[in-house]
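Data first, discussion second: the structure below is written as structure tokens.
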Amino acid sequence: MNSPHLGSQEPSALTATAWLLVAGLAACADGERMDPAVVEPSAPGKEAAASDSQEAAEEASEDVPPAKPAEPRLYTYDVVARYPHDRGAYTQGLLWLDGKLYESTGQRGESSLRIVDLETGEVQKKRDIDRRLFGEGLAAVNGLFYMLTWKAGQALLFDINTLRPLSYGYSYPGEGWGLTTCDEGLVMSDGTSQIRFLDPKGMKPIRSIQVSDRGRPIDQLNELEWIRGEIWANLWKSNLIARIDPATGKVNAWVDMTGLLGTERVNYPEEDVLNGIAWDEEGERLFLTGKRWPYLYQVELREK
Ligand SMILES: [Ca+2]
């Protein structure tokens, strides 16, 4: 996603982010105290152990609170390398394929599919799309690039080698935000807490999951990447990346990318946000950038 220049801000995004930061950090501290693997027995438990009475033990066990849902792990990052990135690129999709970096960009009249030189940030090849369309997420499967559009409900197709557009595309209901692939096919976000799994042929739905953290739905899921059996999604207008279990939709871990851009200025701070995750599986390199960011980063994660 999205939002034209200086577009209105959706309050739900900030609400979600604020909740995540507070709940996530609180959960971390709480987890250190309450981890059942390390916590000392509670006072009622000790009383029960001291008593030979089974009845007393049962009474005490009733006082033990039920197990809390598993809390997501929290990660921060180290910058491994920093590369130039086109400040004109309103990044919507980012992926690494066979030694090359590919990027899709948004905004009407500025949307394109690009091959980008990692080291220099130079755009080596660019295909502009229909000026009426607002480009979104990008994925590669079966020799084709699939590029979503925001509100037009159309996925555009391109030849992977030439970037030539195909004469046909596919349609889908709802908005198009992020896109990636897994063994099942395409994986798509649409701004809600839902993630869809789609058959690349016709983009027919296979199944969907609702993304949640301890029972709370997580929406604003934007750019996607499939990494080592998890769906990674950066949350729109936040510095957070959710690492999602593709079977259940539960957030396994949060990655806090706060400060990645440092003091570098962007033109539109409200919209030039983190958006773009690419994984080089062979080289085990993780790349991140944002909309109109001057840099693209290679980072490594470490647990907080
Ligand atoms: Ca991606």
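Ordering of the structure tokens sets the chain letters (A, B, ...), residue numbers begin anew at 1 in every chain, and ligands are numbered from 1 in the order given.
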*Enumerate the residues of stretch 54-284 of chain A with a DSSP assignment of strand (DSSP E), computed from the backbone, and present them as number ranges by chain.*
A: 73-84, 91-97, 100-105, 112-116, 123-128, 135-141, 144-149, 154-159, 170-171, 179-182, 185-189, 194-199, 204-210, 212-213, 216-217, 221-227, 230-235, 240-244, 251-256, 274-280
Those residues you just picked out, can you put them in a file as a CSV table (one decimal), in the first residue's frame with C-alpha atoms?
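See part_1.csv below for the written result:
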```csv
chain,number,residue,atom,x,y,z
A,73,ARG,CA,9.8,-13.8,20.3
A,74,LEU,CA,11.2,-10.3,19.8
A,75,TYR,CA,14.0,-9.5,17.5
A,76,THR,CA,16.2,-6.5,16.7
A,77,TYR,CA,18.8,-6.1,14.0
A,78,ASP,CA,22.3,-5.3,12.9
A,79,VAL,CA,23.1,-3.6,9.6
A,80,VAL,CA,25.5,-5.7,7.5
A,81,ALA,CA,25.6,-3.6,4.4
A,82,ARG,CA,24.0,-0.4,3.0
A,83,TYR,CA,23.4,0.1,-0.7
A,84,PRO,CA,22.0,3.1,-2.7
A,91,THR,CA,8.6,0.5,-3.2
A,92,GLN,CA,5.7,-1.9,-3.1
A,93,GLY,CA,7.3,-5.2,-3.8
A,94,LEU,CA,10.9,-6.5,-3.4
A,95,LEU,CA,12.4,-9.9,-4.2
A,96,TRP,CA,15.7,-11.6,-5.0
A,97,LEU,CA,15.7,-14.2,-7.8
A,100,LYS,CA,19.1,-10.3,-9.3
A,101,LEU,CA,17.0,-7.8,-7.3
A,102,TYR,CA,13.5,-7.0,-8.6
A,103,GLU,CA,11.3,-4.2,-7.4
A,104,SER,CA,7.7,-3.0,-8.1
A,105,THR,CA,6.7,0.5,-7.4
A,112,SER,CA,6.7,0.1,-12.6
A,113,LEU,CA,8.5,-3.2,-12.5
A,114,ARG,CA,12.3,-2.9,-12.3
A,115,ILE,CA,15.5,-4.9,-12.3
A,116,VAL,CA,17.9,-3.1,-9.8
A,123,VAL,CA,17.7,0.7,-12.4
A,124,GLN,CA,18.9,-1.7,-15.1
A,125,LYS,CA,15.6,-2.3,-16.7
A,126,LYS,CA,12.1,-0.8,-16.1
A,127,ARG,CA,8.6,-1.5,-17.4
A,128,ASP,CA,6.1,1.2,-16.7
A,135,GLY,CA,1.3,-0.8,-8.5
A,136,GLU,CA,1.6,-3.1,-5.5
A,137,GLY,CA,3.2,-6.4,-4.5
A,138,LEU,CA,5.4,-8.5,-6.7
A,139,ALA,CA,6.1,-12.3,-6.9
A,140,ALA,CA,7.7,-14.7,-9.3
A,141,VAL,CA,6.3,-18.1,-10.2
A,144,LEU,CA,6.1,-15.1,-14.7
A,145,PHE,CA,6.1,-12.0,-12.5
A,146,TYR,CA,2.8,-11.3,-10.9
A,147,MET,CA,2.2,-7.6,-9.9
A,148,LEU,CA,-0.8,-6.6,-7.9
A,149,THR,CA,-2.6,-3.3,-8.2
A,154,GLN,CA,-6.1,-6.7,-11.4
A,155,ALA,CA,-2.9,-8.7,-11.3
A,156,LEU,CA,-0.5,-7.9,-14.2
A,157,LEU,CA,1.7,-10.6,-15.6
A,158,PHE,CA,5.2,-10.2,-17.1
A,159,ASP,CA,7.7,-12.6,-18.7
A,170,TYR,CA,-6.0,-12.1,-13.5
A,171,SER,CA,-8.6,-10.5,-11.3
A,179,LEU,CA,2.6,-10.8,-2.6
A,180,THR,CA,5.0,-13.6,-2.3
A,181,THR,CA,5.2,-17.4,-3.1
A,182,CYS,CA,5.4,-20.7,-1.3
A,185,GLY,CA,1.3,-21.0,-4.8
A,186,LEU,CA,0.9,-17.3,-4.3
A,187,VAL,CA,0.6,-15.7,-0.8
A,188,MET,CA,-1.3,-12.3,-0.8
A,189,SER,CA,-2.1,-9.6,1.7
A,194,GLN,CA,-6.3,-12.0,6.3
A,195,ILE,CA,-3.7,-13.6,4.1
A,196,ARG,CA,-4.8,-15.5,1.1
A,197,PHE,CA,-3.2,-18.5,-0.6
A,198,LEU,CA,-3.9,-18.6,-4.3
A,199,ASP,CA,-3.4,-20.9,-7.2
A,204,LYS,CA,-8.2,-18.9,-7.5
A,205,PRO,CA,-8.3,-19.1,-3.7
A,206,ILE,CA,-6.9,-22.2,-2.0
A,207,ARG,CA,-7.3,-21.2,1.6
A,208,SER,CA,-6.8,-18.2,3.9
A,209,ILE,CA,-5.5,-17.5,7.4
A,210,GLN,CA,-6.3,-14.8,9.9
A,212,SER,CA,-3.2,-12.9,15.1
A,213,ASP,CA,-1.1,-12.3,18.1
A,216,ARG,CA,-5.8,-10.2,18.6
A,217,PRO,CA,-6.1,-9.9,14.8
A,221,LEU,CA,0.0,-6.5,6.7
A,222,ASN,CA,1.8,-5.1,3.7
A,223,GLU,CA,4.9,-6.3,1.8
A,224,LEU,CA,5.5,-10.1,2.1
A,225,GLU,CA,8.3,-12.5,1.9
A,226,TRP,CA,8.4,-16.3,2.4
A,227,ILE,CA,11.5,-17.1,4.5
A,230,GLU,CA,7.4,-18.5,7.6
A,231,ILE,CA,5.5,-15.5,6.1
A,232,TRP,CA,7.2,-12.3,6.9
A,233,ALA,CA,5.1,-9.1,6.6
A,234,ASN,CA,5.9,-5.6,7.4
A,235,LEU,CA,3.1,-3.6,8.9
A,240,LEU,CA,7.5,-3.8,12.7
A,241,ILE,CA,7.8,-7.0,10.8
A,242,ALA,CA,5.6,-10.0,11.7
A,243,ARG,CA,6.9,-13.5,11.3
A,244,ILE,CA,3.7,-15.5,10.7
A,251,VAL,CA,2.6,-14.4,14.9
A,252,ASN,CA,5.7,-16.4,15.9
A,253,ALA,CA,7.9,-13.4,16.3
A,254,TRP,CA,8.1,-9.6,15.9
A,255,VAL,CA,11.1,-7.9,14.4
A,256,ASP,CA,11.5,-4.3,15.4
A,274,LEU,CA,9.4,0.7,5.7
A,275,ASN,CA,8.1,-1.5,2.8
A,276,GLY,CA,10.2,-4.1,1.1
A,277,ILE,CA,11.5,-7.5,2.2
A,278,ALA,CA,13.7,-9.7,0.0
A,279,TRP,CA,15.4,-12.9,1.0
A,280,ASP,CA,18.4,-14.4,-0.9
```
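Between ligand 1 and the residues A:Phe287, A:Gly99, A:Asp183, A:Arg302, the shortest atom-to-atom distance, using only C-alpha atoms and all ligand atoms, involves A:Phe287.
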_Pick from A:Asp86, A:Asp130, A:Leu286, A:Asp272, whichever lies nearest to A:Pro165 using only C-alpha atoms_ = A:Asp130
*asked:* Restricting the calculation to only C-alpha atoms and all ligand atoms: of A:Gly178, A:Gly229, A:Gly283, A:Gly290, which residue gets closest to ligand 1?
replied: A:Gly178
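A straight line drawn from atom CA of A:Arg285 to atom CA of A:Gly191 is 26.8 Å long.
You will find atom CA of A:Gly215 at 10.3 Å from atom CA of A:Gly249.
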*Record the distance separating atom CA of A:Trp293 and atom CA of A:Thr192, expressed in Å with one decimal.*
25.0 Å
